[in-house]
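Have a look at the structure below before the remarks.
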Amino acid sequence: MSLTAEQQELVTTVRAVLTKHGDSAAVRRGLESERGYDEQLWSLLCEQVGVAALAIPEEFGGVGVGLVESLLVVEELGRTLSAPPMLGSAVLGVQALLLAGNTEANERLLPEVAEGARTLALCWAGPRGWDSFGVKPTGETLSGSAHYVLDGVFADTLLVLTEAGLFEVDADAAGVTRTAVVTQDPTRKLARIDFDGVTARPLGTLNVTRLREIAWAAVVAEQLGAAEQCLDMTVEYSKSRVQFGRPIGSFQALKHRMADMYVLVESTRSIAYLAIAGLAEGVIDPIDIQAARLHAIDTFNSVVSETVQMHGGIAITWEHDAHLFFKRAHADTQLFGTPARPLARPA
């Protein structure tokens with residue numbers, strides 16, 4: 001996938017907004033906030049760039065440019081570790097609604113999502129992850145617990161994925177209990193949402209395999225952006241850190257390690273863009289998205305480990321961002337599960 005001029009302009013615009021308003025200080029303010037992200041930054045991205053509207057069709061109040069553009073925004077957010085409701089609401093929530101194909105629900109919910117005025121939370125996983133559903137339906141009544149829900153505590157609308165299809169629940173409905181959970185990654189808030197005989201609105205069935213592939217592609221985009229930022233941080237630090245009277249970046253051994261980091265990042269970009277383009281065009285080979293998922297996991301973990309080591313002791317202090325990237329890398333490894341290893345392609 002080669003970026004078009006319009007897509008490159010989108011990336012440049014989003015990066016400019018994040019550079020000005022979404023720097024490390026803004027991310028840390030988000031950590032201390034109730035919602036876990038900078039609400040002002042999210043408002044700017046929605047109002048000035050329209051990031052929440054990118055994948056929403058025009059008939060539902062969106063821009064309608066597609067999934068690729070949304071994931072390019074996710075990639076840029078990965079560079080800063082910002083975690084507004086882009087991944088959970090504007091990507092997963094929107095795609096779940098579109099896959100369900102309920103026109104009435106789309107006309108009612110998506111225009112506000114496009115404006116950034118409504119947040120969706122996709123309730124899916126059971127206690128052991130996304131290979132099972134956490135909530136069971138009895139007719140139009142839901143019971144059970146959805147785990148690891150992105151933006152779950154403060155979402156306006158809950159989209160509950162069950163073995164019988166997708167259901168809509170008002171977040172403040174009777175019988176709904178939302179609990180923030182402690183996570184390894186402090187930059188992303190997750191929740192457990194309990195349903196005790198909650199009346200829900202059925203929205204239809206959807207292709208769960210495709211939704212999982214979209215979720216994997218989104219995490220791959222985020223991992224790519226974060227890994228590239230780790231590489232950039234390491235290169236810049238190696239130019240300024242002086243040891244034995246020389247910048248450490250001038251030592252051959254460190255040059256080789258940074259070259260290996262670069263190869264990992266760029267190979268991940270190639271396979272990620274291949275998978276994302278195929279997914280958006282509906283011609284994805286399942287092996288491509290699975291391979292992208294596994295390679296992005298290995299890349300981010302390897303690159304961030306090198307980042308921590310090459311920054312030395314400063315990388316494990318609270319004041320430096322390296323440890324935040326390290327925690328995000330390990331959390332992203334688990335998010336939405338992983339394909340089975342190894343990947344076997346028939347001869």
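In the structure tokens, chains take letters A, B, ... by order of appearance, with residues numbered from 1 within each chain and ligands from 1 in the order shown.
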Would you list the contacts of segment 6-16 of chain A as a list of chain:residue names, taking every protein, DNA or RNA residue within 7 Å and counting only C-alpha atoms, but skipping same-chain residues closer than 5 positions in sequence?
-> A:Glu69, A:Leu72, A:Val73, A:Glu76
Please produce a file of the residues just selected, as a compact mmCIF listing (two decimals), in the first residue's frame, where the atoms kept are all heavy atoms.
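Heads up, here's the output in selection05.txt:
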# COMPACT_ATOMS: atom_id res chain seq x y z
N GLU A 69 -7.72 5.08 6.32
CA GLU A 69 -7.43 6.38 6.91
C GLU A 69 -7.58 6.35 8.44
O GLU A 69 -6.79 6.96 9.16
CB GLU A 69 -8.37 7.44 6.32
CG GLU A 69 -8.02 7.86 4.90
CD GLU A 69 -8.37 6.82 3.85
OE1 GLU A 69 -9.06 5.83 4.19
OE2 GLU A 69 -7.95 6.98 2.67
N LEU A 72 -4.48 4.82 9.82
CA LEU A 72 -3.34 5.74 9.77
C LEU A 72 -3.36 6.68 10.98
O LEU A 72 -2.31 7.03 11.53
CB LEU A 72 -3.38 6.55 8.48
CG LEU A 72 -3.05 5.78 7.19
CD1 LEU A 72 -3.26 6.67 5.97
CD2 LEU A 72 -1.62 5.23 7.21
N VAL A 73 -4.55 7.08 11.40
CA VAL A 73 -4.67 7.91 12.61
C VAL A 73 -4.25 7.10 13.83
O VAL A 73 -3.54 7.60 14.71
CB VAL A 73 -6.11 8.44 12.77
CG1 VAL A 73 -6.26 9.16 14.11
CG2 VAL A 73 -6.46 9.37 11.63
N GLU A 76 -0.56 7.03 14.13
CA GLU A 76 0.00 8.27 14.67
C GLU A 76 -0.23 8.37 16.18
O GLU A 76 0.64 8.84 16.92
CB GLU A 76 -0.60 9.48 13.96
CG GLU A 76 -0.14 9.64 12.53
CD GLU A 76 1.38 9.70 12.42
OE1 GLU A 76 1.99 10.53 13.14
OE2 GLU A 76 1.96 8.94 11.64
Name the residues in contact with Ser24 of chain A at a cut-off of 9 Å, using only C-alpha atoms, excluding same-chain residues fewer than 2 positions from it; report them as a list in words.
-> Gly22, Ala26, Val27, Arg28, Arg29, Thr80, Leu81, Ser82 and Asp321 of chain A
Create the file for the chosen residues now, containing C-alpha atoms and written as a JSON list (two decimals), in the first residue's frame.
[["chain", "number", "residue", "atom", "x", "y", "z"],
["A", 22, "GLY", "CA", -0.41, 15.59, 22.39],
["A", 26, "ALA", "CA", -0.34, 15.82, 27.58],
["A", 27, "VAL", "CA", -0.17, 12.02, 27.77],
["A", 28, "ARG", "CA", 0.84, 12.21, 31.41],
["A", 29, "ARG", "CA", -1.99, 14.62, 32.15],
["A", 80, "THR", "CA", 2.50, 9.33, 21.29],
["A", 81, "LEU", "CA", 0.79, 6.61, 23.39],
["A", 82, "SER", "CA", -2.35, 8.76, 23.38],
["A", 321, "ASP", "CA", 8.67, 7.68, 28.44]]
Considering only C-alpha atoms, state which residue in the set A:Leu224, A:Met310, A:Ala280, A:Val182 is at the smallest distance from Val265 of chain A.
->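 The shortest atom-to-atom distance to Val265 of chain A comes from A:Leu224.
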Who sits within 9 Å of segment 32-40 of chain A, only C-alpha atoms, same chain under 4 positions skipped, as a PDB file with C-alpha atoms, in the first residue's frame:
ATOM      1  CA  HIS A  21      -1.182  19.280  21.784  1.00  0.00           C
ATOM      2  CA  GLY A  22      -0.414  15.594  22.393  1.00  0.00           C
ATOM      3  CA  ALA A  26      -0.343  15.820  27.578  1.00  0.00           C
ATOM      4  CA  VAL A  27      -0.175  12.023  27.771  1.00  0.00           C
ATOM      5  CA  ARG A  28       0.840  12.209  31.411  1.00  0.00           C
ATOM      6  CA  LEU A  44      -9.372  18.947  18.613  1.00  0.00           C
ATOM      7  CA  LEU A  45      -8.837  15.790  16.582  1.00  0.00           C
ATOM      8  CA  SER A  82      -2.352   8.759  23.377  1.00  0.00           C
ATOM      9  CA  ALA A  83      -5.419   6.584  23.946  1.00  0.00           C
ATOM     10  CA  PRO A  84      -8.570   8.600  23.200  1.00  0.00           C
ATOM     11  CA  PRO A  85     -11.687   6.697  22.030  1.00  0.00           C
ATOM     12  CA  ASP A 151     -13.408   3.027  26.976  1.00  0.00           C
ATOM     13  CA  VAL A 153     -16.269   3.090  32.041  1.00  0.00           C
ATOM     14  CA  PHE A 154     -17.334   6.297  30.307  1.00  0.00           C
ATOM     15  CA  PRO A 186      -1.371   2.853  32.541  1.00  0.00           C
ATOM     16  CA  THR A 187      -1.844   4.715  29.244  1.00  0.00           C
ATOM     17  CA  ARG A 188      -4.969   2.708  28.303  1.00  0.00           C
ATOM     18  CA  LYS A 189      -8.023   2.277  30.503  1.00  0.00           C
TER      19      LYS A 189
END
Compile a residue-level contact table for segment 9-68 of chain A against segment 111-124 of chain A at a cut-off of 10 Å, reporting for every qualifying residue the shortest atom pair and its distance in Å to one decimal, with only C-alpha atoms counted, rows ordered by chain and ascending number, as JSON lines.
{"residue": "A:Trp42", "atom": "CA", "partner": "A:Gly116", "partner_atom": "CA", "distance": 8.0}
{"residue": "A:Ser43", "atom": "CA", "partner": "A:Gly116", "partner_atom": "CA", "distance": 7.0}
{"residue": "A:Leu44", "atom": "CA", "partner": "A:Gly116", "partner_atom": "CA", "distance": 9.8}
{"residue": "A:Leu45", "atom": "CA", "partner": "A:Gly116", "partner_atom": "CA", "distance": 9.0}
{"residue": "A:Cys46", "atom": "CA", "partner": "A:Gly116", "partner_atom": "CA", "distance": 5.8}
{"residue": "A:Glu47", "atom": "CA", "partner": "A:Glu115", "partner_atom": "CA", "distance": 7.2}
{"residue": "A:Gly50", "atom": "CA", "partner": "A:Ala114", "partner_atom": "CA", "distance": 7.4}
{"residue": "A:Val51", "atom": "CA", "partner": "A:Ala114", "partner_atom": "CA", "distance": 7.9}
{"residue": "A:Ala52", "atom": "CA", "partner": "A:Ala114", "partner_atom": "CA", "distance": 4.9}
{"residue": "A:Ala53", "atom": "CA", "partner": "A:Ala114", "partner_atom": "CA", "distance": 4.0}
{"residue": "A:Leu54", "atom": "CA", "partner": "A:Ala114", "partner_atom": "CA", "distance": 7.8}
{"residue": "A:Ala55", "atom": "CA", "partner": "A:Ala114", "partner_atom": "CA", "distance": 8.9}
{"residue": "A:Ile56", "atom": "CA", "partner": "A:Ala114", "partner_atom": "CA", "distance": 7.0}
{"residue": "A:Pro57", "atom": "CA", "partner": "A:Pro111", "partner_atom": "CA", "distance": 9.7}
{"residue": "A:Glu58", "atom": "CA", "partner": "A:Pro111", "partner_atom": "CA", "distance": 9.3}
{"residue": "A:Glu59", "atom": "CA", "partner": "A:Pro111", "partner_atom": "CA", "distance": 9.0}
{"residue": "A:Phe60", "atom": "CA", "partner": "A:Pro111", "partner_atom": "CA", "distance": 5.6}
{"residue": "A:Gly61", "atom": "CA", "partner": "A:Pro111", "partner_atom": "CA", "distance": 4.5}
{"residue": "A:Gly62", "atom": "CA", "partner": "A:Ala114", "partner_atom": "CA", "distance": 5.6}
{"residue": "A:Val63", "atom": "CA", "partner": "A:Ala114", "partner_atom": "CA", "distance": 8.3}
With all heavy atoms kept, could you save the residues just selected as a compact mmCIF listing (two decimals), in the first residue's frame?
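The file below, selection.txt, is the result:
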# COMPACT_ATOMS: atom_id res chain seq x y z
N TRP A 42 -8.71 15.10 22.19
CA TRP A 42 -9.69 14.33 21.42
C TRP A 42 -10.69 15.28 20.73
O TRP A 42 -11.04 15.07 19.57
CB TRP A 42 -10.42 13.36 22.34
CG TRP A 42 -11.49 12.54 21.68
CD1 TRP A 42 -12.81 12.47 22.04
CD2 TRP A 42 -11.35 11.66 20.55
NE1 TRP A 42 -13.49 11.61 21.22
CE2 TRP A 42 -12.62 11.10 20.29
CE3 TRP A 42 -10.28 11.30 19.74
CZ2 TRP A 42 -12.85 10.20 19.25
CZ3 TRP A 42 -10.51 10.41 18.70
CH2 TRP A 42 -11.77 9.87 18.47
N SER A 43 -11.08 16.32 21.41
CA SER A 43 -12.00 17.29 20.81
C SER A 43 -11.35 17.97 19.61
O SER A 43 -12.00 18.16 18.56
CB SER A 43 -12.42 18.34 21.85
OG SER A 43 -13.16 17.74 22.89
N LEU A 44 -10.08 18.32 19.73
CA LEU A 44 -9.37 18.95 18.61
C LEU A 44 -9.29 18.01 17.42
O LEU A 44 -9.50 18.41 16.27
CB LEU A 44 -7.97 19.37 19.06
CG LEU A 44 -7.86 20.60 19.96
CD1 LEU A 44 -6.43 20.75 20.47
CD2 LEU A 44 -8.28 21.85 19.21
N LEU A 45 -8.96 16.76 17.67
CA LEU A 45 -8.84 15.79 16.58
C LEU A 45 -10.18 15.56 15.87
O LEU A 45 -10.23 15.38 14.66
CB LEU A 45 -8.31 14.46 17.12
CG LEU A 45 -6.83 14.44 17.53
CD1 LEU A 45 -6.50 13.15 18.27
CD2 LEU A 45 -5.93 14.60 16.32
N CYS A 46 -11.27 15.59 16.64
CA CYS A 46 -12.59 15.39 16.04
C CYS A 46 -13.07 16.63 15.30
O CYS A 46 -13.60 16.55 14.19
CB CYS A 46 -13.60 15.00 17.12
SG CYS A 46 -13.35 13.35 17.81
N GLU A 47 -12.88 17.80 15.91
CA GLU A 47 -13.42 19.03 15.34
C GLU A 47 -12.57 19.56 14.19
O GLU A 47 -13.10 20.03 13.18
CB GLU A 47 -13.53 20.09 16.44
CG GLU A 47 -14.55 19.73 17.52
CD GLU A 47 -14.45 20.63 18.74
OE1 GLU A 47 -13.62 21.58 18.70
OE2 GLU A 47 -15.16 20.37 19.73
N GLY A 50 -11.49 15.68 12.06
CA GLY A 50 -12.58 14.77 11.78
C GLY A 50 -12.20 13.31 11.85
O GLY A 50 -12.72 12.49 11.09
N VAL A 51 -11.31 12.95 12.78
CA VAL A 51 -10.78 11.59 12.80
C VAL A 51 -11.87 10.55 13.10
O VAL A 51 -11.82 9.42 12.59
CB VAL A 51 -9.63 11.46 13.82
CG1 VAL A 51 -8.45 12.33 13.41
CG2 VAL A 51 -10.08 11.79 15.23
N ALA A 52 -12.85 10.90 13.94
CA ALA A 52 -13.88 9.93 14.30
C ALA A 52 -14.83 9.65 13.14
O ALA A 52 -15.54 8.64 13.15
CB ALA A 52 -14.67 10.44 15.51
N ALA A 53 -14.86 10.53 12.15
CA ALA A 53 -15.80 10.40 11.03
C ALA A 53 -15.20 9.71 9.82
O ALA A 53 -15.91 9.45 8.84
CB ALA A 53 -16.30 11.79 10.62
N LEU A 54 -13.92 9.39 9.85
CA LEU A 54 -13.23 8.93 8.65
C LEU A 54 -13.85 7.66 8.05
O LEU A 54 -14.05 7.58 6.84
CB LEU A 54 -11.75 8.70 8.96
CG LEU A 54 -10.92 9.95 9.24
CD1 LEU A 54 -9.53 9.56 9.74
CD2 LEU A 54 -10.82 10.82 8.00
N ALA A 55 -14.13 6.67 8.89
CA ALA A 55 -14.61 5.38 8.38
C ALA A 55 -16.13 5.30 8.35
O ALA A 55 -16.68 4.25 7.98
CB ALA A 55 -14.04 4.24 9.21
N ILE A 56 -16.82 6.35 8.74
CA ILE A 56 -18.28 6.35 8.75
C ILE A 56 -18.79 6.83 7.40
O ILE A 56 -18.40 7.91 6.93
CB ILE A 56 -18.81 7.25 9.88
CG1 ILE A 56 -18.36 6.70 11.24
CG2 ILE A 56 -20.33 7.36 9.82
CD1 ILE A 56 -18.76 7.56 12.42
N PRO A 57 -19.67 6.07 6.74
CA PRO A 57 -20.19 6.49 5.43
C PRO A 57 -20.90 7.84 5.50
O PRO A 57 -21.43 8.22 6.54
CB PRO A 57 -21.15 5.35 5.07
CG PRO A 57 -20.68 4.18 5.86
CD PRO A 57 -20.15 4.74 7.14
N GLU A 58 -20.93 8.52 4.37
CA GLU A 58 -21.53 9.85 4.32
C GLU A 58 -23.00 9.82 4.69
O GLU A 58 -23.52 10.76 5.30
CB GLU A 58 -21.34 10.45 2.92
CG GLU A 58 -19.89 10.77 2.58
CD GLU A 58 -19.75 11.45 1.23
OE1 GLU A 58 -20.69 12.17 0.84
OE2 GLU A 58 -18.72 11.25 0.56
N GLU A 59 -23.72 8.74 4.33
CA GLU A 59 -25.15 8.69 4.64
C GLU A 59 -25.43 8.60 6.13
O GLU A 59 -26.55 8.82 6.58
CB GLU A 59 -25.82 7.51 3.93
CG GLU A 59 -25.27 6.15 4.28
CD GLU A 59 -24.23 5.67 3.29
OE1 GLU A 59 -23.47 6.51 2.77
OE2 GLU A 59 -24.18 4.45 3.03
N PHE A 60 -24.39 8.31 6.92
CA PHE A 60 -24.54 8.26 8.37
C PHE A 60 -23.79 9.40 9.05
O PHE A 60 -23.44 9.31 10.23
CB PHE A 60 -24.06 6.91 8.91
CG PHE A 60 -24.79 5.73 8.32
CD1 PHE A 60 -24.08 4.63 7.86
CD2 PHE A 60 -26.17 5.72 8.22
CE1 PHE A 60 -24.75 3.53 7.31
CE2 PHE A 60 -26.84 4.63 7.67
CZ PHE A 60 -26.13 3.54 7.22
N GLY A 61 -23.52 10.46 8.31
CA GLY A 61 -22.92 11.64 8.90
C GLY A 61 -21.41 11.67 8.94
O GLY A 61 -20.82 12.54 9.58
N GLY A 62 -20.77 10.73 8.24
CA GLY A 62 -19.32 10.67 8.28
C GLY A 62 -18.66 11.21 7.02
O GLY A 62 -19.32 11.80 6.16
N VAL A 63 -17.36 10.99 6.93
CA VAL A 63 -16.58 11.43 5.77
C VAL A 63 -16.57 10.35 4.70
O VAL A 63 -16.57 10.62 3.50
CB VAL A 63 -15.15 11.79 6.19
CG1 VAL A 63 -14.31 12.19 4.99
CG2 VAL A 63 -15.16 12.92 7.22
With distances taken over only C-alpha atoms, which of A:Gly249, A:Val94, A:Leu324, A:Leu294 is nearest to Asp185 of chain A?
->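 For Asp185 of chain A, the nearest of the candidates is A:Leu324.
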Computed gap from atom CA of Pro137 of chain A to atom CA of Ala217 of chain A is 28.5 Å
Write down as a PDB file with N, CA and C atoms, in the first residue's frame the residues of segment 128-173 of chain A whose backbone DSSP state falls under strand (DSSP E or B).
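What landed in selection.pdb:
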ATOM      1  N   GLY A 129     -10.313 -14.119  27.464  1.00  0.00           N
ATOM      2  CA  GLY A 129      -9.939 -13.414  26.249  1.00  0.00           C
ATOM      3  C   GLY A 129     -11.015 -13.427  25.195  1.00  0.00           C
ATOM      4  N   TRP A 130     -10.613 -13.088  23.974  1.00  0.00           N
ATOM      5  CA  TRP A 130     -11.543 -12.837  22.884  1.00  0.00           C
ATOM      6  C   TRP A 130     -11.937 -14.094  22.100  1.00  0.00           C
ATOM      7  N   ASP A 131     -11.480 -15.254  22.543  1.00  0.00           N
ATOM      8  CA  ASP A 131     -11.898 -16.481  21.886  1.00  0.00           C
ATOM      9  C   ASP A 131     -13.261 -16.953  22.388  1.00  0.00           C
ATOM     10  N   SER A 132     -13.786 -16.289  23.406  1.00  0.00           N
ATOM     11  CA  SER A 132     -15.101 -16.631  23.927  1.00  0.00           C
ATOM     12  C   SER A 132     -15.858 -15.348  24.230  1.00  0.00           C
ATOM     13  N   PHE A 133     -17.179 -15.444  24.260  1.00  0.00           N
ATOM     14  CA  PHE A 133     -18.012 -14.285  24.567  1.00  0.00           C
ATOM     15  C   PHE A 133     -18.269 -14.229  26.070  1.00  0.00           C
ATOM     16  N   VAL A 135     -20.700 -12.413  27.513  1.00  0.00           N
ATOM     17  CA  VAL A 135     -22.113 -12.162  27.824  1.00  0.00           C
ATOM     18  C   VAL A 135     -22.975 -13.132  27.024  1.00  0.00           C
ATOM     19  N   LYS A 136     -24.001 -13.670  27.678  1.00  0.00           N
ATOM     20  CA  LYS A 136     -24.906 -14.611  27.015  1.00  0.00           C
ATOM     21  C   LYS A 136     -26.305 -14.007  26.925  1.00  0.00           C
ATOM     22  N   PRO A 137     -26.944 -14.147  25.775  1.00  0.00           N
ATOM     23  CA  PRO A 137     -28.300 -13.617  25.615  1.00  0.00           C
ATOM     24  C   PRO A 137     -29.369 -14.675  25.881  1.00  0.00           C
ATOM     25  N   THR A 138     -30.462 -14.217  26.448  1.00  0.00           N
ATOM     26  CA  THR A 138     -31.674 -15.025  26.541  1.00  0.00           C
ATOM     27  C   THR A 138     -32.783 -14.192  25.930  1.00  0.00           C
ATOM     28  N   THR A 141     -32.548 -10.351  26.521  1.00  0.00           N
ATOM     29  CA  THR A 141     -32.015 -10.069  27.853  1.00  0.00           C
ATOM     30  C   THR A 141     -30.584 -10.589  27.935  1.00  0.00           C
ATOM     31  N   LEU A 142     -29.683  -9.779  28.484  1.00  0.00           N
ATOM     32  CA  LEU A 142     -28.266 -10.126  28.546  1.00  0.00           C
ATOM     33  C   LEU A 142     -27.817 -10.340  29.987  1.00  0.00           C
ATOM     34  N   SER A 143     -26.977 -11.361  30.175  1.00  0.00           N
ATOM     35  CA  SER A 143     -26.379 -11.627  31.476  1.00  0.00           C
ATOM     36  C   SER A 143     -24.944 -12.082  31.269  1.00  0.00           C
ATOM     37  N   GLY A 144     -24.086 -11.729  32.201  1.00  0.00           N
ATOM     38  CA  GLY A 144     -22.686 -12.118  32.114  1.00  0.00           C
ATOM     39  C   GLY A 144     -21.775 -10.926  32.302  1.00  0.00           C
ATOM     40  N   SER A 145     -20.504 -11.129  32.035  1.00  0.00           N
ATOM     41  CA  SER A 145     -19.498 -10.078  32.225  1.00  0.00           C
ATOM     42  C   SER A 145     -18.601  -9.983  31.003  1.00  0.00           C
ATOM     43  N   ALA A 146     -18.476  -8.775  30.477  1.00  0.00           N
ATOM     44  CA  ALA A 146     -17.539  -8.509  29.382  1.00  0.00           C
ATOM     45  C   ALA A 146     -16.252  -7.965  29.982  1.00  0.00           C
ATOM     46  N   HIS A 147     -15.140  -8.544  29.591  1.00  0.00           N
ATOM     47  CA  HIS A 147     -13.845  -8.170  30.153  1.00  0.00           C
ATOM     48  C   HIS A 147     -13.026  -7.366  29.144  1.00  0.00           C
ATOM     49  N   TYR A 148     -12.071  -6.602  29.675  1.00  0.00           N
ATOM     50  CA  TYR A 148     -11.087  -5.879  28.856  1.00  0.00           C
ATOM     51  C   TYR A 148     -11.753  -4.942  27.850  1.00  0.00           C
ATOM     52  N   VAL A 149     -12.743  -4.194  28.303  1.00  0.00           N
ATOM     53  CA  VAL A 149     -13.516  -3.333  27.410  1.00  0.00           C
ATOM     54  C   VAL A 149     -12.835  -1.973  27.298  1.00  0.00           C
ATOM     55  N   LEU A 150     -12.444  -1.594  26.085  1.00  0.00           N
ATOM     56  CA  LEU A 150     -11.839  -0.286  25.857  1.00  0.00           C
ATOM     57  C   LEU A 150     -12.888   0.803  26.034  1.00  0.00           C
ATOM     58  N   THR A 157     -22.671   4.394  24.809  1.00  0.00           N
ATOM     59  CA  THR A 157     -23.432   3.271  24.284  1.00  0.00           C
ATOM     60  C   THR A 157     -22.578   2.016  24.300  1.00  0.00           C
ATOM     61  N   LEU A 158     -23.154   0.920  24.778  1.00  0.00           N
ATOM     62  CA  LEU A 158     -22.455  -0.351  24.819  1.00  0.00           C
ATOM     63  C   LEU A 158     -22.935  -1.225  23.671  1.00  0.00           C
ATOM     64  N   LEU A 159     -22.007  -1.739  22.903  1.00  0.00           N
ATOM     65  CA  LEU A 159     -22.307  -2.703  21.843  1.00  0.00           C
ATOM     66  C   LEU A 159     -21.824  -4.056  22.335  1.00  0.00           C
ATOM     67  N   VAL A 160     -22.753  -4.961  22.565  1.00  0.00           N
ATOM     68  CA  VAL A 160     -22.435  -6.238  23.195  1.00  0.00           C
ATOM     69  C   VAL A 160     -22.438  -7.333  22.138  1.00  0.00           C
ATOM     70  N   LEU A 161     -21.276  -7.946  21.946  1.00  0.00           N
ATOM     71  CA  LEU A 161     -21.127  -9.016  20.969  1.00  0.00           C
ATOM     72  C   LEU A 161     -21.333 -10.349  21.663  1.00  0.00           C
ATOM     73  N   THR A 162     -22.300 -11.130  21.171  1.00  0.00           N
ATOM     74  CA  THR A 162     -22.621 -12.424  21.761  1.00  0.00           C
ATOM     75  C   THR A 162     -22.671 -13.477  20.666  1.00  0.00           C
ATOM     76  N   GLY A 165     -25.271 -12.607  18.106  1.00  0.00           N
ATOM     77  CA  GLY A 165     -25.165 -11.376  17.336  1.00  0.00           C
ATOM     78  C   GLY A 165     -24.822 -10.180  18.193  1.00  0.00           C
ATOM     79  N   LEU A 166     -25.061  -9.005  17.643  1.00  0.00           N
ATOM     80  CA  LEU A 166     -24.713  -7.747  18.300  1.00  0.00           C
ATOM     81  C   LEU A 166     -25.953  -7.128  18.929  1.00  0.00           C
ATOM     82  N   PHE A 167     -25.784  -6.603  20.161  1.00  0.00           N
ATOM     83  CA  PHE A 167     -26.872  -5.959  20.876  1.00  0.00           C
ATOM     84  C   PHE A 167     -26.431  -4.558  21.305  1.00  0.00           C
ATOM     85  N   GLU A 168     -27.406  -3.665  21.401  1.00  0.00           N
ATOM     86  CA  GLU A 168     -27.157  -2.303  21.867  1.00  0.00           C
ATOM     87  C   GLU A 168     -27.736  -2.135  23.270  1.00  0.00           C
ATOM     88  N   VAL A 169     -26.959  -1.550  24.152  1.00  0.00           N
ATOM     89  CA  VAL A 169     -27.403  -1.304  25.523  1.00  0.00           C
ATOM     90  C   VAL A 169     -27.003   0.116  25.904  1.00  0.00           C
ATOM     91  N   ASP A 170     -27.941   0.846  26.495  1.00  0.00           N
ATOM     92  CA  ASP A 170     -27.598   2.152  27.041  1.00  0.00           C
ATOM     93  C   ASP A 170     -26.675   1.946  28.231  1.00  0.00           C
TER      94      ASP A 170
END
Separation of atom CA of Arg178 of chain A and atom CA of Gly93 of chain A, in Å?
->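 Atom CA of Gly93 of chain A lies at a distance of 17.5 Å from atom CA of Arg178 of chain A.
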Per DSSP on the backbone, what are the alpha helix (DSSP H) residues of segment 19-109 of chain A, as a ChimeraX atom specification?
-> /A:19-21,24-32,39-44,67-80,94-100,103-109
Separation of atom CA of Val181 of chain A from atom CA of Val220 of chain A in Å =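 About the pair atom CA of Val220 of chain A and atom CA of Val181 of chain A: they are 23.8 Å apart.
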Would you mind telling me which residue in A:Arg212, A:Arg257, A:His330, A:Lys239 lies nearest to Asp298 of chain A when using only C-alpha atoms?
-> A:His330
Name all residues at most 12 Å from Val263 of chain A (count only C-alpha atoms; drop same-chain ones fewer than 6 positions away) and give them as number ranges by chain.
-> A: 227-228, 231, 256-257, 269-270, 299, 302-303
Would you put the residues from that selection into a file with C-alpha atoms, as a PDB file, in the first residue's frame?
ATOM      1  CA  ALA A 227       7.934   1.057  17.476  1.00  0.00           C
ATOM      2  CA  GLU A 228       8.949   3.787  15.032  1.00  0.00           C
ATOM      3  CA  LEU A 231      13.521   3.930  17.166  1.00  0.00           C
ATOM      4  CA  HIS A 256      24.383  -2.260  14.183  1.00  0.00           C
ATOM      5  CA  ARG A 257      21.694  -2.595  16.838  1.00  0.00           C
ATOM      6  CA  ARG A 269       5.387  -1.324   7.832  1.00  0.00           C
ATOM      7  CA  SER A 270       5.471  -3.378   4.619  1.00  0.00           C
ATOM      8  CA  THR A 299       8.974  -5.973  16.346  1.00  0.00           C
ATOM      9  CA  SER A 302      12.288  -6.190  20.337  1.00  0.00           C
ATOM     10  CA  VAL A 303      12.551  -2.491  19.495  1.00  0.00           C
TER      11      VAL A 303
END
